[in-house]
file my_file.tsv (TSV, C-alpha atoms)
chain	number	residue	atom	x	y	z
A	1313	MET	CA	0.00	0.00	0.00
A	1314	GLY	CA	2.86	2.39	0.72
A	1315	ALA	CA	4.35	1.74	-2.71
A	1316	ALA	CA	0.98	2.44	-4.31
A	1317	ASN	CA	0.58	5.69	-2.40
A	1318	VAL	CA	3.94	6.97	-3.63
A	1319	VAL	CA	3.05	6.69	-7.31
A	1320	PRO	CA	0.20	8.67	-8.91
A	1321	GLY	CA	-1.30	5.56	-10.48
A	1322	VAL	CA	-2.92	3.02	-8.20
A	1323	SER	CA	-4.23	3.81	-4.74
A	1324	GLY	CA	-3.37	2.09	-1.51
A	1325	GLY	CA	-7.09	1.41	-1.17
A	1326	THR	CA	-7.04	-0.57	-4.41
A	1327	VAL	CA	-4.16	-2.69	-3.14
A	1328	ALA	CA	-6.05	-3.28	0.12
A	1329	LEU	CA	-9.16	-4.23	-1.83
A	1330	ILE	CA	-7.54	-6.79	-4.13
A	1331	THR	CA	-5.47	-8.31	-1.31
A	1332	GLY	CA	-8.55	-8.83	0.86
A	1333	ILE	CA	-7.70	-6.48	3.76
A	1334	TYR	CA	-9.88	-3.50	2.79
A	1335	LYS	CA	-12.80	-4.16	5.14
A	1336	GLU	CA	-10.50	-4.69	8.11
A	1337	LEU	CA	-8.66	-1.47	7.24
A	1338	ILE	CA	-11.87	0.59	7.25
A	1339	ASP	CA	-13.13	-1.15	10.42
A	1340	ALA	CA	-9.81	-0.46	12.17
A	1341	LEU	CA	-9.76	3.22	11.22
A	1342	ASN	CA	-13.41	3.55	12.20
A	1343	GLY	CA	-12.59	1.99	15.56
A	1344	LEU	CA	-10.13	4.81	16.22
A	1345	MET	CA	-12.99	7.30	15.87
A	1346	GLU	CA	-15.43	5.50	18.18
A	1347	ARG	CA	-15.99	6.88	21.65
A	1348	ALA	CA	-16.22	3.37	23.11
A	1349	SER	CA	-12.65	2.65	22.04
A	1350	TRP	CA	-11.24	5.62	23.89
A	1351	GLN	CA	-13.41	4.94	26.93
A	1352	MET	CA	-11.72	1.54	27.14
A	1353	LEU	CA	-8.31	3.21	27.04
A	1354	LEU	CA	-9.23	5.79	29.69
A	1355	LYS	CA	-10.49	3.01	31.97
A	1356	GLY	CA	-7.17	1.23	31.63
A	1357	ASP	CA	-8.43	-1.57	29.40
A	1358	ILE	CA	-5.45	-1.36	27.06
A	1359	ARG	CA	-5.92	-4.84	25.67
A	1360	GLY	CA	-9.59	-4.18	24.88
A	1361	PHE	CA	-8.69	-0.89	23.19
A	1362	TRP	CA	-5.91	-2.56	21.18
A	1363	ASN	CA	-8.20	-5.32	19.98
A	1364	ARG	CA	-11.09	-2.97	19.17
A	1365	ILE	CA	-8.94	-0.85	16.85
A	1366	HIS	CA	-7.32	-3.94	15.27
A	1367	GLY	CA	-4.00	-2.87	16.77
A	1368	PRO	CA	-1.68	-5.62	15.45
A	1369	PHE	CA	-3.09	-5.16	11.94
A	1370	LEU	CA	-2.64	-1.38	11.98
A	1371	LEU	CA	0.86	-1.65	13.49
A	1372	TRP	CA	2.30	-3.94	10.85
A	1373	LEU	CA	0.45	-2.23	8.03
A	1374	GLY	CA	1.77	1.15	9.20
A	1375	ILE	CA	5.34	-0.13	9.38
A	1376	GLY	CA	5.10	-1.46	5.83
A	1377	VAL	CA	3.60	1.77	4.49
A	1378	VAL	CA	6.21	4.03	6.12
A	1379	LEU	CA	9.15	1.87	5.04
A	1380	SER	CA	8.01	1.69	1.42
A	1381	ILE	CA	7.33	5.43	1.22
A	1382	PHE	CA	10.81	6.34	2.41
A	1383	THR	CA	12.54	3.76	0.22
A	1384	LEU	CA	10.61	4.62	-2.96
A	1385	ALA	CA	10.50	8.44	-2.81
A	1386	LYS	CA	13.97	8.99	-4.27
A	1387	LEU	CA	13.40	6.34	-6.93
A	1388	MET	CA	10.14	7.95	-8.07
A	1389	THR	CA	11.72	11.41	-8.25
A	1390	TYR	CA	14.51	9.93	-10.38
A	1391	VAL	CA	12.38	7.99	-12.87
A	1392	LEU	CA	9.79	10.77	-13.32
A	1393	ASP	CA	12.60	13.15	-14.19
A	1394	LEU	CA	14.55	10.92	-16.59
A	1395	TYR	CA	11.91	8.53	-17.95
A	1396	PRO	CA	8.56	10.37	-17.96
A	1397	VAL	CA	6.91	8.45	-20.83
A	1398	GLN	CA	7.83	5.02	-19.50
A	1399	THR	CA	6.87	5.95	-15.93
A	1400	TRP	CA	3.48	7.40	-16.82
A	1401	ALA	CA	2.83	4.43	-19.13
A	1402	CYS	CA	3.38	2.13	-16.16
A	1403	PHE	CA	0.95	4.24	-14.10
A	1404	PHE	CA	-1.57	3.97	-16.94
A	1405	GLY	CA	-1.31	0.18	-16.89
A	1406	LEU	CA	-1.72	0.13	-13.11
A	1407	ILE	CA	-4.91	2.18	-13.23
A	1408	LEU	CA	-6.40	0.25	-16.17
A	1409	ALA	CA	-5.81	-3.10	-14.47
A	1410	SER	CA	-7.31	-1.79	-11.22
A	1411	ALA	CA	-10.42	-0.66	-13.10
A	1412	ILE	CA	-10.83	-4.07	-14.74
A	1413	LEU	CA	-10.55	-5.83	-11.38
A	1414	MET	CA	-13.19	-3.57	-9.89
A	1415	PHE	CA	-15.48	-4.19	-12.88
A	1416	ARG	CA	-15.09	-7.91	-12.32
A	1417	ASP	CA	-16.25	-7.71	-8.72
A	1418	ILE	CA	-19.49	-5.81	-9.41
A	1419	ARG	CA	-22.58	-7.90	-10.06
A	1420	GLY	CA	-26.11	-7.05	-11.19
A	1421	TRP	CA	-25.66	-4.25	-13.72
A	1422	GLY	CA	-28.69	-2.16	-14.68
A	1423	ILE	CA	-29.62	1.43	-15.63
A	1424	ARG	CA	-29.09	2.64	-12.07
A	1425	GLU	CA	-25.64	1.09	-11.86
A	1426	ILE	CA	-24.63	2.49	-15.24
A	1427	LEU	CA	-25.69	6.00	-14.17
A	1428	PHE	CA	-23.59	5.81	-11.02
A	1429	ALA	CA	-20.58	4.66	-13.05
A	1430	LEU	CA	-21.11	7.45	-15.59
A	1431	ALA	CA	-21.30	9.99	-12.77
A	1432	GLY	CA	-17.96	8.71	-11.51
A	1433	ILE	CA	-16.46	8.93	-15.00
A	1434	ALA	CA	-17.66	12.53	-15.32
A	1435	LEU	CA	-16.15	13.37	-11.94
A	1436	GLY	CA	-12.87	11.68	-12.87
A	1437	LEU	CA	-12.69	13.56	-16.16
A	1438	ALA	CA	-13.47	16.85	-14.44
A	1439	VAL	CA	-10.68	16.38	-11.89
A	1440	SER	CA	-8.21	14.89	-14.37
A	1441	THR	CA	-8.55	17.69	-16.91
A	1442	LEU	CA	-7.69	20.29	-14.31
A	1443	SER	CA	-4.24	21.71	-14.68
A	1444	PRO	CA	-1.98	21.27	-11.66
A	1445	THR	CA	-2.40	24.29	-9.46
A	1446	GLN	CA	0.38	26.30	-7.91
A	1447	THR	CA	-0.33	26.40	-4.19
A	1448	PRO	CA	1.76	28.19	-1.56
A	1449	ASP	CA	4.28	26.12	0.38
A	1450	ASN	CA	3.09	27.36	3.77
A	1451	TRP	CA	2.19	25.08	6.66
A	1452	PHE	CA	-1.60	25.51	6.42
A	1453	ILE	CA	-1.70	24.51	2.73
A	1454	THR	CA	0.65	21.59	3.40
A	1455	PHE	CA	-1.61	20.41	6.24
A	1456	LEU	CA	-4.70	20.79	4.05
A	1457	CYS	CA	-3.13	18.91	1.15
A	1458	GLY	CA	-2.22	16.08	3.51
A	1459	ALA	CA	-5.80	15.88	4.78
A	1460	ILE	CA	-7.25	15.83	1.26
A	1461	ALA	CA	-4.72	13.45	-0.27
A	1462	VAL	CA	-4.90	10.88	2.50
A	1463	CYS	CA	-8.67	10.61	2.06
A	1464	THR	CA	-8.14	9.38	-1.48
A	1465	MET	CA	-5.37	7.02	-0.40
A	1466	ILE	CA	-7.91	4.73	1.30
A	1467	LEU	CA	-10.39	4.86	-1.58
A	1468	PRO	CA	-10.09	2.03	-4.11
A	1469	GLY	CA	-9.22	3.46	-7.49
A	1470	VAL	CA	-8.30	6.95	-6.36
A	1471	SER	CA	-4.60	7.74	-5.94
A	1472	GLY	CA	-3.58	10.14	-3.21
A	1473	SER	CA	-0.37	10.92	-5.08
A	1474	PHE	CA	-2.44	11.80	-8.13
A	1475	ILE	CA	-4.41	14.29	-6.03
A	1476	LEU	CA	-1.11	15.77	-4.85
A	1477	VAL	CA	-0.17	16.24	-8.51
A	1478	ILE	CA	-3.42	18.15	-9.09
A	1479	LEU	CA	-2.83	20.23	-5.96
A	1480	GLY	CA	0.69	21.04	-7.13
A	1481	LYS	CA	2.30	19.38	-4.12
A	1482	TYR	CA	3.57	16.02	-5.42
A	1483	ASP	CA	7.12	17.15	-6.22
A	1484	TYR	CA	7.22	19.27	-3.07
A	1485	ILE	CA	6.31	16.36	-0.78
A	1486	MET	CA	8.51	13.86	-2.60
A	1487	GLU	CA	11.44	16.24	-2.29
A	1488	ALA	CA	10.70	16.67	1.43
A	1489	VAL	CA	10.75	12.89	1.86
A	1490	ALA	CA	13.95	12.51	-0.15
A	1491	THR	CA	15.77	15.25	1.79
A	1492	LEU	CA	14.15	14.43	5.15
A	1493	ASP	CA	12.70	17.92	5.58
A	1494	TRP	CA	11.14	17.08	8.96
A	1495	PRO	CA	9.10	20.28	9.54
A	1496	VAL	CA	7.30	19.82	6.20
A	1497	LEU	CA	6.88	16.08	6.77
A	1498	LEU	CA	5.47	16.62	10.27
A	1499	VAL	CA	2.87	19.15	9.13
A	1500	PHE	CA	1.89	16.93	6.19
A	1501	ALA	CA	1.67	13.88	8.48
A	1502	LEU	CA	-0.58	15.73	10.93
A	1503	GLY	CA	-2.88	16.66	8.06
A	1504	CYS	CA	-2.90	13.03	6.93
A	1505	VAL	CA	-3.86	11.78	10.39
A	1506	ALA	CA	-6.67	14.32	10.76
A	1507	GLY	CA	-8.05	13.66	7.28
A	1508	LEU	CA	-7.70	9.89	7.53
A	1509	LEU	CA	-9.61	9.50	10.79
A	1510	ALA	CA	-12.38	11.88	9.79
A	1511	PHE	CA	-12.87	10.42	6.32
A	1512	ALA	CA	-12.65	6.80	7.49
A	1513	LYS	CA	-15.76	7.43	9.58
A	1514	LEU	CA	-17.65	8.76	6.55
A	1515	LEU	CA	-16.41	5.96	4.31
A	1516	HIS	CA	-17.42	3.32	6.86
A	1517	TRP	CA	-20.94	4.80	6.90
A	1518	LEU	CA	-21.18	4.94	3.09
A	1519	LEU	CA	-19.96	1.40	2.57
A	1520	ALA	CA	-22.25	0.07	5.28
A	1521	ARG	CA	-25.35	1.64	3.69
A	1522	TYR	CA	-24.53	2.32	0.02
A	1523	GLU	CA	-21.67	-0.02	-0.82
A	1524	LYS	CA	-22.56	-0.70	-4.45
A	1525	PRO	CA	-23.29	2.91	-5.53
A	1526	THR	CA	-20.14	4.08	-3.74
A	1527	MET	CA	-17.98	1.50	-5.48
A	1528	LEU	CA	-19.56	2.26	-8.86
A	1529	VAL	CA	-18.76	5.96	-8.55
A	1530	LEU	CA	-15.20	5.10	-7.59
A	1531	LEU	CA	-14.91	2.75	-10.53
A	1532	GLY	CA	-16.06	5.50	-12.87
A	1533	PHE	CA	-13.52	7.84	-11.30
A	1534	VAL	CA	-10.80	5.31	-12.10
A	1535	LEU	CA	-11.76	5.28	-15.77
A	1536	GLY	CA	-12.07	9.06	-15.98
A	1537	SER	CA	-8.65	9.55	-14.39
A	1538	LEU	CA	-6.94	7.66	-17.22
A	1539	VAL	CA	-6.97	10.92	-19.21
A	1540	LYS	CA	-4.57	12.53	-16.78
A	1541	VAL	CA	-1.98	9.76	-16.76
A	1542	TRP	CA	-1.81	9.28	-20.53
A	1543	PRO	CA	1.96	8.88	-21.10
A	1544	TRP	CA	2.23	11.85	-23.47
A	1545	ALA	CA	-0.10	14.20	-21.57
A	1546	ASN	CA	2.51	15.79	-19.27
A	1547	GLU	CA	4.91	18.54	-20.27
A	1548	SER	CA	8.07	16.50	-19.65
A	1549	ALA	CA	6.94	13.84	-22.13
A	1550	LYS	CA	5.83	16.41	-24.72
A	1551	ALA	CA	9.31	17.97	-24.70
A	1552	LEU	CA	11.06	14.71	-25.62
A	1553	PRO	CA	12.30	14.36	-29.23
A	1554	ASP	CA	11.49	10.61	-29.19
A	1555	PRO	CA	7.93	9.60	-28.18
A	1556	HIS	CA	9.15	6.13	-27.05
A	1557	TYR	CA	6.02	4.33	-28.21
A	1558	GLY	CA	7.55	0.86	-27.90
A	1559	ALA	CA	8.90	1.47	-24.40
A	1560	ALA	CA	5.59	2.98	-23.34
A	1561	ALA	CA	3.68	-0.10	-24.53
A	1562	LEU	CA	6.09	-2.38	-22.67
A	1563	TRP	CA	5.85	-0.48	-19.39
A	1564	CYS	CA	2.08	-0.21	-19.68
A	1565	LEU	CA	1.96	-4.01	-19.91
A	1566	ILE	CA	4.33	-4.30	-16.95
A	1567	GLY	CA	2.10	-2.07	-14.81
A	1568	PHE	CA	-0.95	-4.00	-15.93
A	1569	ALA	CA	0.72	-7.32	-15.10
A	1570	LEU	CA	1.84	-6.14	-11.66
A	1571	VAL	CA	-1.72	-5.44	-10.51
A	1572	LEU	CA	-3.05	-8.67	-12.01
A	1573	GLY	CA	-0.18	-10.55	-10.36
A	1574	VAL	CA	-0.96	-9.13	-6.93
A	1575	ASP	CA	-4.63	-10.02	-7.42
A	1576	ARG	CA	-3.74	-13.56	-8.46
A	1577	LEU	CA	-1.45	-14.06	-5.46
A	1578	SER	CA	-4.05	-12.67	-3.05
A	1579	GLY	CA	-6.67	-14.97	-4.57
A	1580	ARG	CA	-4.44	-17.96	-3.96
A	1581	ALA	CA	-3.82	-16.83	-0.37
A	1582	ARG	CA	-7.54	-16.49	0.29
A	1583	ASN	CA	-8.23	-19.90	-1.24
A	1584	ASN	CA	-5.50	-21.52	0.86
A	1585	GLY	CA	-6.90	-19.84	3.95
A	1586	ALA	CA	-10.37	-21.15	3.18
A	1587	GLU	CA	-9.00	-24.67	2.86

call {"tool": "encode", "arguments": {"input": "my_file.tsv", "output": "structure tokens"}}
result
Amino acid sequence: MGAANVVPGVSGGTVALITGIYKELIDALNGLMERASWQMLLKGDIRGFWNRIHGPFLLWLGIGVVLSIFTLAKLMTYVLDLYPVQTWACFFGLILASAILMFRDIRGWGIREILFALAGIALGLAVSTLSPTQTPDNWFITFLCGAIAVCTMILPGVSGSFILVILGKYDYIMEAVATLDWPVLLVFALGCVAGLLAFAKLLHWLLARYEKPTMLVLLGFVLGSLVKVWPWANESAKALPDPHYGAAALWCLIGFALVLGVDRLSGRARNNGAE
């Protein structure tokens, strides 16, 4: 999930969904926002609190996310600078494969379902066709960007890094991670925590009552967002003398295969667990 959140292609929520841990993730985050959980802690029932918030799950997931973010930040800055077409082609393959997997899991299509998907596509196109904004690098904006981006990081099909690109903060945050600019990282992290806990509560409510419409809108958003990550849509790629069509096709297939591979492995793990 941390690797997915670093790249503006596939969301951590998508990885959680196809690996079978998505429901536990939302339940765990929702548990952190429940009054009963904190009442347990205040009464000294640490074990009850830890179990209610799925503590072991969150601990190991958090360690994996943090480690992958810090190990991949420099790599992503490097490849986006030197190989923009190939990198964005890989992102394109990641998103396309994620969309196909989400299509596969939805049953019972009708007019209502199609309209929800079309609404998501329209929303994705609207967001994706926005030009990256230039936002100030002050602490309030950094906090706000963290709160907004982290909300998308737990949504299947919506990349938090992609939202940072739209907000004009992707390079800024990646540079802060690469150079260990702790003041910027701390403010961004605080925004992420605030946004994550607040949005997890809303998402838990939506999925509990309107799971199918919510997933359909997200699926449409995935398809609409493909416009933004088209390999030759960014300025760095447009400036290249060679369009690298062959390399782009190869890396698109690699990105596509990576997502399908993760899904296949997770399917085997779930089947083995059932046995």

call {"tool": "closest_residue", "arguments": {"input": "my_file.tsv", "among": "A:Leu1577, A:Ile1460, A:His1556, A:Leu1572", "to": "A:Pro1396", "atoms": "only C-alpha atoms"}}
result
A:His1556

call {"tool": "atom_distance", "arguments": {"input": "my_file.tsv", "atom1": "atom CA of A:Ile1478", "atom2": "atom CA of A:Val1541"}}
result
11.5 Å

call {"tool": "closest_residue", "arguments": {"input": "my_file.tsv", "among": "A:Thr1389, A:Ser1537, A:Asn1363, A:Asn1450", "to": "A:Ala1434", "atoms": "only C-alpha atoms"}}
result
A:Ser1537

call {"tool": "closest_residue", "arguments": {"input": "my_file.tsv", "among": "A:Val1534, A:Ala1560, A:Ala1431, A:Val1378", "to": "A:Ala1501", "atoms": "only C-alpha atoms"}}
result
A:Val1378

call {"tool": "atom_distance", "arguments": {"input": "my_file.tsv", "atom1": "atom CA of A:Gln1398", "atom2": "atom CA of A:Leu1538"}}
result
15.2 Å

call {"tool": "atom_distance", "arguments": {"input": "my_file.tsv", "atom1": "atom CA of A:His1366", "atom2": "atom CA of A:Ala1512"}}
result
14.3 Å

call {"tool": "closest_residue", "arguments": {"input": "my_file.tsv", "among": "A:Leu1528, A:Val1377, A:Ile1466, A:Leu1392", "to": "A:Gly1420", "atoms": "all atoms listed in the file"}}
result
A:Leu1528

call {"tool": "residues_around", "arguments": {"input": "my_file.tsv", "residues": "A:Ser1440", "least_positions_apart": "4", "cutoff": "12 Å", "atoms": "only C-alpha atoms", "output": "count of residues only"}}
result
27

call {"tool": "residues_around", "arguments": {"input": "my_file.tsv", "residues": "A:Lys1335", "least_positions_apart": "5", "cutoff": "10 Å", "atoms": "all atoms listed in the file", "output": "list in words"}}
result
Ala1328, Leu1329, Ala1340, His1516 and Leu1519 of chain A

call {"tool": "closest_atom_pairs", "arguments": {"input": "my_file.tsv", "of": "stretch 1484-1566 of chain A", "to": "stretch 1344-1360 of chain A", "cutoff": "10 Å", "atoms": "all atoms listed in the file", "output": "CSV"}}
result
residue,atom,partner,partner_atom,distance
A:Leu1509,CA,A:Met1345,CA,6.5
A:Ala1510,CA,A:Met1345,CA,7.6
A:Ala1512,CA,A:Met1345,CA,8.4
A:Lys1513,CA,A:Met1345,CA,6.9

call {"tool": "closest_residue", "arguments": {"input": "my_file.tsv", "among": "A:Cys1402, A:Val1439, A:Met1414, A:Ala1506", "to": "A:Ala1569", "atoms": "all atoms listed in the file"}}
result
A:Cys1402

call {"tool": "closest_residue", "arguments": {"input": "my_file.tsv", "among": "A:Pro1495, A:Arg1576, A:Ala1429, A:Leu1467", "to": "A:Leu1514", "atoms": "all atoms listed in the file"}}
result
A:Leu1467

call {"tool": "residues_around", "arguments": {"input": "my_file.tsv", "residues": "A:Thr1447", "least_positions_apart": "2", "cutoff": "9 Å", "atoms": "only C-alpha atoms", "output": "PyMOL selection string"}}
result
chain A and resi 1445+1449-1450+1453+1479-1481

call {"tool": "write_last_selection", "arguments": {"input": "my_file.tsv", "atoms": "C-alpha atoms", "output": "mmCIF file, in the coordinates of the input"}}
result
data_model
loop_
_atom_site.group_PDB
_atom_site.id
_atom_site.type_symbol
_atom_site.label_atom_id
_atom_site.label_comp_id
_atom_site.auth_asym_id
_atom_site.auth_seq_id
_atom_site.Cartn_x
_atom_site.Cartn_y
_atom_site.Cartn_z
ATOM 1 C CA THR A 1445 -2.400 24.290 -9.460
ATOM 2 C CA ASP A 1449 4.280 26.120 0.380
ATOM 3 C CA ASN A 1450 3.090 27.360 3.770
ATOM 4 C CA ILE A 1453 -1.700 24.510 2.730
ATOM 5 C CA LEU A 1479 -2.830 20.230 -5.960
ATOM 6 C CA GLY A 1480 0.690 21.040 -7.130
ATOM 7 C CA LYS A 1481 2.300 19.380 -4.120
#

call {"tool": "residues_around", "arguments": {"input": "my_file.tsv", "residues": "A:Gly1503", "least_positions_apart": "2", "cutoff": "8 Å", "atoms": "all atoms listed in the file", "output": "ChimeraX atom specification"}}
result
/A:1454-1459,1499-1501,1505-1507

call {"tool": "residues_around", "arguments": {"input": "my_file.tsv", "residues": "stretch 1370-1376 of chain A", "least_positions_apart": "6", "cutoff": "12 Å", "atoms": "only C-alpha atoms", "output": "list in words"}}
result
Met1313, Gly1314, Ala1315, Ala1316, Asn1317, Gly1324, Ala1328, Ile1333, Tyr1334, Glu1336, Leu1337, Ile1338, Asp1339, Ala1340, Leu1341, Asn1342, Gly1343, Leu1344, Trp1362, Asn1363, Arg1364, Phe1382 and Thr1383 of chain A

call {"tool": "decode", "arguments": {"input": "my_file.tsv", "residues": "stretch 1474-1504 of chain A", "atoms": "N, CA and C atoms", "output": "compact mmCIF listing (two decimals), in the first residue's frame"}}
result
# COMPACT_ATOMS: atom_id res chain seq x y z
N PHE A 1474 -1.86 11.11 -6.98
CA PHE A 1474 -2.44 11.80 -8.13
C PHE A 1474 -3.10 13.10 -7.69
N ILE A 1475 -3.79 13.07 -6.57
CA ILE A 1475 -4.41 14.29 -6.03
C ILE A 1475 -3.34 15.31 -5.67
N LEU A 1476 -2.20 14.85 -5.15
CA LEU A 1476 -1.11 15.77 -4.85
C LEU A 1476 -0.57 16.42 -6.12
N VAL A 1477 -0.58 15.66 -7.22
CA VAL A 1477 -0.17 16.24 -8.51
C VAL A 1477 -1.13 17.38 -8.88
N ILE A 1478 -2.42 17.14 -8.76
CA ILE A 1478 -3.42 18.15 -9.09
C ILE A 1478 -3.27 19.37 -8.19
N LEU A 1479 -2.98 19.13 -6.92
CA LEU A 1479 -2.83 20.23 -5.96
C LEU A 1479 -1.48 20.93 -6.07
N GLY A 1480 -0.61 20.42 -6.95
CA GLY A 1480 0.69 21.04 -7.13
C GLY A 1480 1.66 20.78 -6.00
N LYS A 1481 1.46 19.67 -5.28
CA LYS A 1481 2.30 19.38 -4.12
C LYS A 1481 3.04 18.05 -4.22
N TYR A 1482 2.92 17.33 -5.33
CA TYR A 1482 3.57 16.02 -5.42
C TYR A 1482 5.09 16.15 -5.35
N ASP A 1483 5.67 16.98 -6.22
CA ASP A 1483 7.12 17.15 -6.22
C ASP A 1483 7.62 17.72 -4.90
N TYR A 1484 6.84 18.63 -4.33
CA TYR A 1484 7.22 19.27 -3.07
C TYR A 1484 7.31 18.24 -1.94
N ILE A 1485 6.32 17.36 -1.84
CA ILE A 1485 6.31 16.36 -0.78
C ILE A 1485 7.35 15.29 -1.03
N MET A 1486 7.50 14.86 -2.30
CA MET A 1486 8.51 13.86 -2.60
C MET A 1486 9.92 14.38 -2.31
N GLU A 1487 10.14 15.64 -2.59
CA GLU A 1487 11.44 16.24 -2.29
C GLU A 1487 11.67 16.32 -0.78
N ALA A 1488 10.60 16.62 -0.03
CA ALA A 1488 10.70 16.67 1.43
C ALA A 1488 11.04 15.30 2.00
N VAL A 1489 10.45 14.25 1.42
CA VAL A 1489 10.75 12.89 1.86
C VAL A 1489 12.19 12.53 1.51
N ALA A 1490 12.60 12.86 0.30
CA ALA A 1490 13.95 12.51 -0.15
C ALA A 1490 15.03 13.22 0.65
N THR A 1491 14.77 14.46 1.06
CA THR A 1491 15.77 15.25 1.79
C THR A 1491 15.54 15.25 3.30
N LEU A 1492 14.51 14.50 3.74
CA LEU A 1492 14.15 14.43 5.15
C LEU A 1492 13.93 15.83 5.75
N ASP A 1493 13.09 16.60 5.08
CA ASP A 1493 12.70 17.92 5.58
C ASP A 1493 11.62 17.71 6.64
N TRP A 1494 12.04 17.51 7.89
CA TRP A 1494 11.14 17.08 8.96
C TRP A 1494 10.02 18.06 9.28
N PRO A 1495 10.24 19.37 9.29
CA PRO A 1495 9.10 20.28 9.54
C PRO A 1495 7.97 20.10 8.52
N VAL A 1496 8.31 20.02 7.23
CA VAL A 1496 7.30 19.82 6.20
C VAL A 1496 6.63 18.46 6.37
N LEU A 1497 7.43 17.42 6.62
CA LEU A 1497 6.88 16.08 6.77
C LEU A 1497 5.96 15.97 7.98
N LEU A 1498 6.30 16.66 9.07
CA LEU A 1498 5.47 16.62 10.27
C LEU A 1498 4.12 17.28 10.04
N VAL A 1499 4.13 18.45 9.42
CA VAL A 1499 2.87 19.15 9.13
C VAL A 1499 2.01 18.32 8.18
N PHE A 1500 2.63 17.76 7.15
CA PHE A 1500 1.89 16.93 6.19
C PHE A 1500 1.32 15.70 6.88
N ALA A 1501 2.12 15.08 7.76
CA ALA A 1501 1.67 13.88 8.48
C ALA A 1501 0.49 14.19 9.39
N LEU A 1502 0.53 15.34 10.07
CA LEU A 1502 -0.58 15.73 10.93
C LEU A 1502 -1.87 15.92 10.12
N GLY A 1503 -1.72 16.51 8.94
CA GLY A 1503 -2.88 16.66 8.06
C GLY A 1503 -3.41 15.30 7.62
N CYS A 1504 -2.49 14.38 7.34
CA CYS A 1504 -2.90 13.03 6.93
C CYS A 1504 -3.68 12.33 8.03
